[in-house]
Structures are given as C-alpha cells and as structure tokens.
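Structure record follows, encoded as structure tokens.
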Amino acid sequence: MRHISMEQNSDLVYLGKVIHESSYDRESKEIDIDDTIKIDFVDKEGVIHEVKKSKKVEEPNIWQVKYYIWYLKQKGVGDITGKINYPKLRKTLEVFLEPGDEEKIMTMLEDIKTISQMDLPPAAEKKKICRSCSYNDLCWI
Ligand code: SF4
C-alpha cells in the first residue's frame with residue numbers, strides 16, 4: 001500500500017528468480033497487472049502459475065494464488081485456475097477459488113485497509129517467517 005519494495009537486492013528473491021528462469025523457460029514470463037499482481041507465467045491452457053523456491057507447501061502461497069484468481073475475476077476474467085510450482089519438491093499444486101474463499105479475501109483486504117489507516121501499526125511480532133522475508137531489514141534492523 002505504501003509502494004515500498006525491498007526485493008530488488010534480496011539474495012532470496014534473486015535465488016527465486018534463477019530457479020524460475022531455469023525451471024520453466026518455455027513459457028512466457030512475469031505478467032504484471034495494474035502494478036498489483038505479478039503472475040510468474042501463464043501456460044498454454046491459460047492456467048496461471050506461481051513458482052516457489054520453498055521446500056515445503058505453505059498456506060500463504062496458496063492464498064497468494066487465490067488472490068490472483070480473485071483479482072482477475074474482478075477484472076472480468078472468469079474460469080481461471082492456478083498452479084503453484086515447487087521445483088525443489090518436484091511438485092505442482094492446483095489452486096482454485098473454493099466456496100467461502102471470496103469472503104475470506106474480502107475480509108483480509110478489509111483488515112489490510114484498517115491497518116493501513118492506523119496512526120501507528122500494531123506492535124511487530126518476530127516470527128520464524130521473518131528470517132526469509134525480504135522486509136526483514138526494514139522491520140528488524
Ligand atoms: S520481516 Fe516479519 S514482520 Fe516484517 S514484513 Fe516480513 S514477515 Fe512481516
């Protein structure tokens with residue numbers, strides 16, 4: 001919401017980029033829509049893909065792709081599905097919008113808006129995920 005990006009110099013982001021580029025080089029790459037979502041690639045069947053360097057399937061990855069599908073639906077692009085590719089796991093996970101997901105996304109967006117309008121953000125809570133987050137320097141150093 002503040003257009004702050006820490007990712008350009010992140011080694012982890014660079015690693016993700018290298019894995020992405022070397023894993024799926026036959027597909028068209030990185031589709032940026034409205035400066036809001038960045039789809040890694042779309043395959044010949046029109047399925048959107050997100051490539052993750054992680055060695056495990058994580059819930060936020062799934063919600064990221066669900067959000068992309070929801071966002072495209074708001075723009076009139078219906079019947080979209082997604083896949084998350086985990087090259088290190090040699091695994092692909094299919095992602096759909098399921099009943100109740102749209103309501104959850106609306107709630108998440110409302111929560112984000114509420115936080116963004118606070119005079120001060122809620123107290124930060126250091127979690128395990130912070131270690132691999134590209135905002136780590138901004139939050140904790
Ligand atoms: S470093 Fe932790 S608190 Fe900061 S944005 Fe990342 S996950 Fe959130």
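By order in the structure tokens, chains are A, B, ...; within a chain, residues start at 1; ligands start at 1, following the order shown.
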
Dump as JSON lines the rows for residues of chain A within 6 Å of ligand 1: closest atom pair and distance in Å with one decimal, only C-alpha atoms and all ligand atoms counted, ordered by chain and rising residue number.
```
{"residue": "A:Ala124", "atom": "CA", "partner": "ligand 1", "partner_atom_place_in_ligand_line": "3 (S)", "distance": 5.8}
{"residue": "A:Lys126", "atom": "CA", "partner": "ligand 1", "partner_atom_place_in_ligand_line": "2 (Fe)", "distance": 5.9}
{"residue": "A:Ile129", "atom": "CA", "partner": "ligand 1", "partner_atom_place_in_ligand_line": "7 (S)", "distance": 5.5}
{"residue": "A:Cys130", "atom": "CA", "partner": "ligand 1", "partner_atom_place_in_ligand_line": "2 (Fe)", "distance": 3.6}
{"residue": "A:Cys133", "atom": "CA", "partner": "ligand 1", "partner_atom_place_in_ligand_line": "6 (Fe)", "distance": 4.6}
{"residue": "A:Tyr135", "atom": "CA", "partner": "ligand 1", "partner_atom_place_in_ligand_line": "1 (S)", "distance": 4.8}
{"residue": "A:Asn136", "atom": "CA", "partner": "ligand 1", "partner_atom_place_in_ligand_line": "1 (S)", "distance": 3.8}
{"residue": "A:Cys139", "atom": "CA", "partner": "ligand 1", "partner_atom_place_in_ligand_line": "4 (Fe)", "distance": 4.7}
```

Take the selection from the previous step and output its residues with C-alpha atoms, as a CSV table (one decimal), in the first residue's frame.
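Generated file (part.csv):
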```csv
chain,number,residue,atom,x,y,z
A,124,ALA,CA,5.5,-6.2,15.4
A,126,LYS,CA,9.0,-11.6,15.3
A,129,ILE,CA,8.9,-16.5,8.6
A,130,CYS,CA,10.7,-13.1,9.2
A,133,CYS,CA,11.2,-12.3,4.4
A,135,TYR,CA,11.3,-6.9,4.5
A,136,ASN,CA,13.5,-8.3,7.4
A,139,CYS,CA,11.3,-4.4,10.2
```

Q: Could you find all residues in range 18-88 of chain A that DSSP calls alpha helix (DSSP H) from the backbone, and write them as an MDAnalysis selection string?
A: chainID A and resid 18:23 59:74

Q: If you run DSSP over the backbone, which residues in range 2-125 of chain A end up strand (DSSP E or B)? Put them as JSON, numbers by chain.
A: {"A": [28, 29, 30, 31, 32, 33, 37, 38, 39, 40, 41, 42, 48, 49, 50, 51, 82, 83, 84, 85, 86, 91, 92, 93, 94, 95]}

Using the selection just defined, write its residues with N, CA and C atoms as a compact mmCIF listing (two decimals), in the first residue's frame.
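The resulting result_31.txt:
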```txt
# COMPACT_ATOMS: atom_id res chain seq x y z
N SER A 28 5.84 -18.06 -21.34
CA SER A 28 6.03 -16.62 -21.28
C SER A 28 6.11 -16.21 -19.81
N LYS A 29 6.86 -15.16 -19.53
CA LYS A 29 7.21 -14.85 -18.14
C LYS A 29 6.60 -13.56 -17.60
N GLU A 30 6.41 -13.56 -16.30
CA GLU A 30 6.06 -12.40 -15.49
C GLU A 30 5.10 -11.41 -16.13
N ILE A 31 3.85 -11.59 -15.81
CA ILE A 31 2.83 -10.69 -16.32
C ILE A 31 2.40 -9.80 -15.16
N ASP A 32 2.68 -8.52 -15.31
CA ASP A 32 2.38 -7.55 -14.27
C ASP A 32 1.02 -6.91 -14.60
N ILE A 33 0.08 -7.01 -13.67
CA ILE A 33 -1.24 -6.45 -13.92
C ILE A 33 -1.52 -5.35 -12.91
N ILE A 37 -0.68 -7.33 -9.15
CA ILE A 37 -0.31 -8.74 -9.11
C ILE A 37 0.74 -9.01 -10.18
N LYS A 38 1.62 -9.94 -9.88
CA LYS A 38 2.67 -10.31 -10.83
C LYS A 38 2.64 -11.83 -10.99
N ILE A 39 2.09 -12.24 -12.13
CA ILE A 39 1.95 -13.67 -12.39
C ILE A 39 3.25 -14.18 -13.01
N ASP A 40 3.79 -15.27 -12.47
CA ASP A 40 5.08 -15.78 -12.97
C ASP A 40 4.99 -16.21 -14.43
N PHE A 41 3.99 -17.00 -14.75
CA PHE A 41 3.74 -17.30 -16.16
C PHE A 41 2.36 -17.91 -16.34
N VAL A 42 1.89 -17.87 -17.59
CA VAL A 42 0.61 -18.47 -17.94
C VAL A 42 0.91 -19.57 -18.95
N ILE A 48 -2.71 -19.92 -14.60
CA ILE A 48 -1.67 -19.05 -14.07
C ILE A 48 -0.76 -19.84 -13.12
N HIS A 49 0.52 -19.52 -13.16
CA HIS A 49 1.49 -20.27 -12.35
C HIS A 49 2.28 -19.34 -11.44
N GLU A 50 2.54 -19.84 -10.25
CA GLU A 50 3.43 -19.17 -9.31
C GLU A 50 4.53 -20.17 -8.98
N VAL A 51 5.78 -19.73 -9.11
CA VAL A 51 6.91 -20.63 -8.85
C VAL A 51 7.51 -20.28 -7.49
N GLY A 82 -5.26 -21.84 -11.02
CA GLY A 82 -3.84 -21.59 -10.83
C GLY A 82 -3.08 -22.84 -10.42
N LYS A 83 -1.78 -22.74 -10.54
CA LYS A 83 -0.92 -23.82 -10.07
C LYS A 83 0.29 -23.20 -9.38
N ILE A 84 0.73 -23.84 -8.32
CA ILE A 84 1.98 -23.43 -7.69
C ILE A 84 3.01 -24.50 -8.01
N ASN A 85 4.11 -24.07 -8.57
CA ASN A 85 5.19 -24.99 -8.94
C ASN A 85 6.29 -24.91 -7.89
N TYR A 86 6.65 -26.07 -7.36
CA TYR A 86 7.75 -26.16 -6.40
C TYR A 86 8.86 -26.98 -7.04
N LYS A 91 7.03 -30.76 -7.43
CA LYS A 91 5.62 -30.90 -7.12
C LYS A 91 4.85 -29.70 -7.68
N THR A 92 3.62 -29.96 -8.09
CA THR A 92 2.73 -28.89 -8.55
C THR A 92 1.42 -28.99 -7.78
N LEU A 93 0.96 -27.86 -7.28
CA LEU A 93 -0.28 -27.84 -6.50
C LEU A 93 -1.32 -27.03 -7.26
N GLU A 94 -2.49 -27.62 -7.46
CA GLU A 94 -3.56 -26.88 -8.15
C GLU A 94 -4.28 -25.98 -7.16
N VAL A 95 -4.64 -24.78 -7.63
CA VAL A 95 -5.32 -23.82 -6.75
C VAL A 95 -6.60 -23.33 -7.43
```
